[in-house]
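Participant: This is the structure, below, for whatever I ask next.
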Amino acid sequence: MEESNSATCFCPSCETEIEYPIDWQATVIECPACSESVLLPEEESASTEDFTFGSLAEEVRSLDLEPLPRSSSFFYKMALLFGALMMLLLILVYVSVIAGTGYGVWLFADHFRFLFKLTGGVCGMIIKMAFYFGVILAGAVVIIFMIKPFFLRRGDHQQPLSLNAASEPLLYHYISEICGCVGAPEPSRIDLTCEANAAASFRRGFFSFLGSDLVLTIGLPLAAGLSAKELAGVLAHEFGHFNQGVAMRLSCIIRSINRWFTEIVYYRDAWDDWLGDSFEESENLFTTILFGIALAALGFTRLILKLFMFTGHAVSCALLRQMEYNADVSEIQLAGSECFEATGFKLSLMDIVTGNAYRDMHARWLSRNELPDSIPEIIDHYAASVPEDLQSEIKDALFLEPGGWFETHPSFAQRVKQARRRDEPGMIDLNWPARDLFENFPVVSKQASRIHYREDLGVPLAQVKFYSPDQG
């Protein structure tokens, strides 16, 4: 029989079957159905029943983790319920402010029609008309820009690199074990990014609210710089948010509304830009006054939105910090108190060096059109290059950071204090590099970096001269 020159896989996003030439293995293509990026698996990839990855695979396969005890108390759930109701009430108050403003504008327009009487001469009429229509214009701008956030739509954002279970069986098996231990549902999709962070969330937002359809996002810098044990702790923390059905959904409401108010305060869309540009480019006094009134009304709208944002923060921040403490417990129990502290410092160090790495990358791109072929590798390279004495200074500074009332996360010192108090030994001891959980980490890292360059940063890849971090 003639050997087939094609293979098939399934898109992790829409589950469409994709047929592709065997030569395309380990490359990224767009799904013909949903246009999202798909990493094609290699034909020889093993299943979770037949690992061929060496000692780490043997240890992962032999894991038999006991389920962690649930830590959410009845009073905590009641606090979450109260917080969620308060955030929903905040939305109702916001809608009431819009309705009240609209009613006030209508009353003004109706009761001040006497200004149309022909008295006071031409100059007087101009002043009265400017006042009448100016107030109506200002009110209309306030109403429009307060309604607009309900239809806030981000620009198209490229789907991150999504993994296929057949291409990364060891990683999928490892994550499955962590989910079983934490008591969280397994993710239906795993995305890879170039951020030094990890997150678990509902795959389709509120459309997945009543189910357990999760997406796990893994920042590849974590895999580049952490051990398998440390990465397990980070993932246990993220899944720790989802190991309580009621608490999970209540926290989702609180986080979503809190994030929505923050976005509408700081996000600027085409309408905002048009209004500002029109004011600057106006060529006569009349249009300058009109756009000036509109901008003043927009500024007033921003003040109202900030008031709601800070109110939402005041209501939710204490609860959000407690959610982080609860999720930390899962990480501490799984990885151990010492590992939790070490991982927290590594993540903080990655945050610091990431900014430095991007500044250097930007300068090198402008001067020589050069960029690293692997962002996760370059971030790990920068983190490893920090001298020990400077690391000690950074750690001391982290321990001195106070926790703020309006912070959504506890400080490093507060989290470490909880870990030391619990003094957990941990349940796993896999000190292998986390990158070894991937079948071919360098390939995945480079593919994710190219997607990030092209889709998130708008870099024309055809003009890039790529270099490896060890050449930098």
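Lettering and numbering for the structure tokens are positional, with chains as A, B, ... in the shown order, residues counted from 1 in each chain, and ligands counted from 1 in the shown order.
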For the strand (DSSP E) assignment from backbone DSSP, which residues of region 58-302 of chain A qualify? Please present them as an MDAnalysis selection string.

Facilitator: chainID A and resid 161:162 189:193 198:202 214:219

Participant: Identify, on the basis of only C-alpha atoms, every residue whose closest approach to region 409-411 of chain A does not exceed 10 Å; exclude the query and any residue fewer than 5 positions from it along the same chain; express the result as a ChimeraX atom specification.

Facilitator: /A:317-325,398-404,416-417

Participant: Residues at most 12 Å from Asp360 (chain A), counting only C-alpha atoms, excluding those fewer than 2 positions away in the same chain, as a ChimeraX atom specification?

Facilitator: /A:353-358,362-368,370-372,375,378-379,382,472

Participant: Can you tell me which residues surround region 340-342 of chain A at a distance of at most 8 Å, considering only C-alpha atoms, apart from same-chain residues fewer than 6 positions away, and format the answer as a PyMOL selection string?

Facilitator: chain A and resi 230+233+331-332+416+419

Participant: When you count only C-alpha atoms, which of these residues is closest to Glu424 (chain A): A:Thr27, A:Ser212, A:Ser337, A:Thr311?

Facilitator: A:Ser337

Participant: Tell me which of A:Gly344, A:Gly225, A:Gly240, A:Gly180 sits closest to Gln414 (chain A), counting only C-alpha atoms.

Facilitator: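 Between A:Gly344, A:Gly225, A:Gly240, A:Gly180, the residue approaching Gln414 (chain A) most closely is A:Gly344.
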
Participant: Please measure the separation of CA of Asp328 (chain A) and CA of His237 (chain A), giving the value in Å to one decimal.

Facilitator: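 Going from CA of Asp328 (chain A) over to CA of His237 (chain A), I get 5.5 Å.
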
Participant: Report, in Å with one decimal, the straight-line distance from CA of Leu285 (chain A) to CA of Gly139 (chain A).

Facilitator: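 We find that CA of Leu285 (chain A) and CA of Gly139 (chain A) lie 20.9 Å from each other.
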
Participant: Give me the region 102-211 of chain A side of the contact with region 432-456 of chain A, cut-off 12 Å, one line per residue showing its nearest atom pair and distance in Å at one decimal, counting only C-alpha atoms, sorted by chain and residue number, as CSV.

Facilitator:
```
residue,atom,partner,partner_atom,distance
A:Gly155,CA,A:Asp456,CA,11.1
A:Asp156,CA,A:Glu455,CA,9.6
A:His157,CA,A:Glu455,CA,7.3
A:Gln158,CA,A:Glu455,CA,5.9
A:Gln159,CA,A:Glu455,CA,9.0
A:Pro160,CA,A:Ile451,CA,7.4
A:Leu161,CA,A:Ala448,CA,6.0
A:Ser162,CA,A:Ala448,CA,9.4
A:Leu163,CA,A:Val444,CA,9.3
A:Asn164,CA,A:Phe438,CA,11.7
A:Ala165,CA,A:Phe438,CA,11.3
A:Ala166,CA,A:Glu439,CA,10.5
A:Ser167,CA,A:Glu439,CA,7.5
A:Glu168,CA,A:Glu439,CA,6.1
A:Pro169,CA,A:Glu439,CA,8.2
A:Leu170,CA,A:Leu437,CA,5.9
A:Leu171,CA,A:Leu437,CA,5.3
A:Tyr172,CA,A:Leu437,CA,9.0
A:His173,CA,A:Leu437,CA,9.7
A:Tyr174,CA,A:Leu437,CA,8.1
A:Ile175,CA,A:Leu437,CA,10.2
A:Asp191,CA,A:Ala448,CA,9.7
A:Leu192,CA,A:Ala448,CA,6.8
A:Thr193,CA,A:Ala448,CA,6.2
A:Cys194,CA,A:Ser449,CA,6.5
A:Glu195,CA,A:His452,CA,9.7
```

Participant: Mind dumping the selected residues with N, CA and C atoms as a PDB file, in the first residue's frame?

Facilitator:
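Dumped everything to result.pdb:
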```
ATOM      1  N   GLY A 155     -10.267  45.932  19.121  1.00  0.00           N
ATOM      2  CA  GLY A 155      -9.878  45.564  17.773  1.00  0.00           C
ATOM      3  C   GLY A 155      -9.556  44.081  17.703  1.00  0.00           C
ATOM      4  N   ASP A 156      -9.533  43.539  16.491  1.00  0.00           N
ATOM      5  CA  ASP A 156      -9.248  42.126  16.313  1.00  0.00           C
ATOM      6  C   ASP A 156      -7.881  41.795  16.886  1.00  0.00           C
ATOM      7  N   HIS A 157      -7.858  40.738  17.705  1.00  0.00           N
ATOM      8  CA  HIS A 157      -6.616  40.313  18.342  1.00  0.00           C
ATOM      9  C   HIS A 157      -6.329  38.881  17.935  1.00  0.00           C
ATOM     10  N   GLN A 158      -5.133  38.647  17.468  1.00  0.00           N
ATOM     11  CA  GLN A 158      -4.771  37.326  17.003  1.00  0.00           C
ATOM     12  C   GLN A 158      -4.843  36.307  18.137  1.00  0.00           C
ATOM     13  N   GLN A 159      -5.484  35.179  17.834  1.00  0.00           N
ATOM     14  CA  GLN A 159      -5.512  34.089  18.791  1.00  0.00           C
ATOM     15  C   GLN A 159      -4.086  33.623  19.075  1.00  0.00           C
ATOM     16  N   PRO A 160      -3.705  33.504  20.357  1.00  0.00           N
ATOM     17  CA  PRO A 160      -2.363  33.008  20.664  1.00  0.00           C
ATOM     18  C   PRO A 160      -2.166  31.603  20.114  1.00  0.00           C
ATOM     19  N   LEU A 161      -0.936  31.167  20.130  1.00  0.00           N
ATOM     20  CA  LEU A 161      -0.608  29.830  19.660  1.00  0.00           C
ATOM     21  C   LEU A 161      -1.293  28.794  20.539  1.00  0.00           C
ATOM     22  N   SER A 162      -2.179  27.994  19.962  1.00  0.00           N
ATOM     23  CA  SER A 162      -2.915  26.974  20.700  1.00  0.00           C
ATOM     24  C   SER A 162      -2.282  25.611  20.478  1.00  0.00           C
ATOM     25  N   LEU A 163      -2.183  24.851  21.554  1.00  0.00           N
ATOM     26  CA  LEU A 163      -1.564  23.541  21.486  1.00  0.00           C
ATOM     27  C   LEU A 163      -2.581  22.470  21.131  1.00  0.00           C
ATOM     28  N   ASN A 164      -2.073  21.402  20.574  1.00  0.00           N
ATOM     29  CA  ASN A 164      -2.872  20.224  20.289  1.00  0.00           C
ATOM     30  C   ASN A 164      -2.415  19.121  21.225  1.00  0.00           C
ATOM     31  N   ALA A 165      -3.362  18.391  21.801  1.00  0.00           N
ATOM     32  CA  ALA A 165      -3.005  17.346  22.766  1.00  0.00           C
ATOM     33  C   ALA A 165      -2.077  16.309  22.159  1.00  0.00           C
ATOM     34  N   ALA A 166      -2.223  16.046  20.866  1.00  0.00           N
ATOM     35  CA  ALA A 166      -1.374  15.045  20.232  1.00  0.00           C
ATOM     36  C   ALA A 166       0.065  15.516  20.087  1.00  0.00           C
ATOM     37  N   SER A 167       0.260  16.833  20.047  1.00  0.00           N
ATOM     38  CA  SER A 167       1.617  17.355  19.854  1.00  0.00           C
ATOM     39  C   SER A 167       2.380  17.502  21.164  1.00  0.00           C
ATOM     40  N   GLU A 168       1.670  17.616  22.292  1.00  0.00           N
ATOM     41  CA  GLU A 168       2.325  17.803  23.592  1.00  0.00           C
ATOM     42  C   GLU A 168       1.690  16.886  24.638  1.00  0.00           C
ATOM     43  N   PRO A 169       1.827  15.568  24.477  1.00  0.00           N
ATOM     44  CA  PRO A 169       1.147  14.650  25.403  1.00  0.00           C
ATOM     45  C   PRO A 169       1.652  14.742  26.835  1.00  0.00           C
ATOM     46  N   LEU A 170       2.955  14.969  27.016  1.00  0.00           N
ATOM     47  CA  LEU A 170       3.498  15.028  28.375  1.00  0.00           C
ATOM     48  C   LEU A 170       2.959  16.233  29.139  1.00  0.00           C
ATOM     49  N   LEU A 171       2.937  17.384  28.479  1.00  0.00           N
ATOM     50  CA  LEU A 171       2.428  18.598  29.110  1.00  0.00           C
ATOM     51  C   LEU A 171       0.953  18.446  29.458  1.00  0.00           C
ATOM     52  N   TYR A 172       0.176  17.884  28.530  1.00  0.00           N
ATOM     53  CA  TYR A 172      -1.253  17.695  28.782  1.00  0.00           C
ATOM     54  C   TYR A 172      -1.479  16.737  29.951  1.00  0.00           C
ATOM     55  N   HIS A 173      -0.682  15.678  30.017  1.00  0.00           N
ATOM     56  CA  HIS A 173      -0.826  14.733  31.119  1.00  0.00           C
ATOM     57  C   HIS A 173      -0.481  15.404  32.451  1.00  0.00           C
ATOM     58  N   TYR A 174       0.556  16.218  32.447  1.00  0.00           N
ATOM     59  CA  TYR A 174       0.986  16.925  33.656  1.00  0.00           C
ATOM     60  C   TYR A 174      -0.108  17.865  34.138  1.00  0.00           C
ATOM     61  N   ILE A 175      -0.688  18.620  33.218  1.00  0.00           N
ATOM     62  CA  ILE A 175      -1.752  19.558  33.565  1.00  0.00           C
ATOM     63  C   ILE A 175      -2.981  18.812  34.063  1.00  0.00           C
ATOM     64  N   ASP A 191      -3.360  27.785  25.502  1.00  0.00           N
ATOM     65  CA  ASP A 191      -2.725  28.798  24.663  1.00  0.00           C
ATOM     66  C   ASP A 191      -1.345  29.123  25.203  1.00  0.00           C
ATOM     67  N   LEU A 192      -0.462  29.507  24.303  1.00  0.00           N
ATOM     68  CA  LEU A 192       0.887  29.903  24.673  1.00  0.00           C
ATOM     69  C   LEU A 192       1.123  31.347  24.266  1.00  0.00           C
ATOM     70  N   THR A 193       1.706  32.144  25.157  1.00  0.00           N
ATOM     71  CA  THR A 193       2.030  33.530  24.869  1.00  0.00           C
ATOM     72  C   THR A 193       3.483  33.793  25.241  1.00  0.00           C
ATOM     73  N   CYS A 194       3.923  35.017  24.994  1.00  0.00           N
ATOM     74  CA  CYS A 194       5.285  35.417  25.337  1.00  0.00           C
ATOM     75  C   CYS A 194       5.319  36.268  26.600  1.00  0.00           C
ATOM     76  N   GLU A 195       4.238  36.295  27.359  1.00  0.00           N
ATOM     77  CA  GLU A 195       4.197  37.042  28.608  1.00  0.00           C
ATOM     78  C   GLU A 195       4.683  36.171  29.760  1.00  0.00           C
TER      79      GLU A 195
END
```
